[in-house]
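So the structure is just underneath, and the comments pick up after that.
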Amino acid sequence: QVRLEESGGGLFQPGGSLSLSCVVSGLTGGAYAMGWFRQAPGKEREFVAAINWSGGIQKYADSVEDRFTISRENAEDRAYLRLYRLIPEDTGVFYCAVPDKSPFYSGVFDYTAASSYDYWGQGTQVTVSA
């Protein structure tokens, strides 16, 4: 059974920073990509960032590209999302997701589409407020 678990959420001050972590278990061989999505209150879930197996491909939403950094540690089946210069609009539930594709997958993959991902975590709440 594939399981994803996010951590690192909480209440943060505007202008601050934080680091989210996602660990994947039960996915033999690892995941081709790892993505982060966010759902703000009253809004639909939106793409935030994604990274491929090697780390050579990183995708970011335009709204976060200069403030968020995604990385992964394959030996630990873990992905990280670091958020800097926080703003209240960063508030939301952050979800980690992975597709059911091996690290050797070579086909087309839309990193930004939620439909590309097969397994999701329960999410971690991030609140940015003074």
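By order in the structure tokens, chains are A, B, ...; within a chain, residues start at 1; ligands start at 1, following the order shown.
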Segment 124-129 of chain A environment, 12 Å, only C-alpha atoms, sequence neighbours closer than 3 positions dropped, as a PyMOL selection string:
chain A and resi 4-22+36-41+81+83-96+120-121
Could you name the residues that touch Ser116 of chain A at 12 Å or less, counting only C-alpha atoms, but leaving out those on the same chain fewer than 2 positions away, as a list in words?
Tyr32, Ala33, Met34, Gly35, Phe47, Ala50, Ala97, Val98, Pro99, Asp100, Lys101, Val108, Phe109, Asp110, Tyr111, Thr112, Ala113, Ala114, Asp118, Tyr119 and Trp120 of chain A
What does the structure give for the distance between atom CA of Gln1 of chain A and atom CA of Ile57 of chain A, in Å to one decimal?
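Straight-line distance from atom CA of Gln1 of chain A to atom CA of Ile57 of chain A works out to 27.1 Å.
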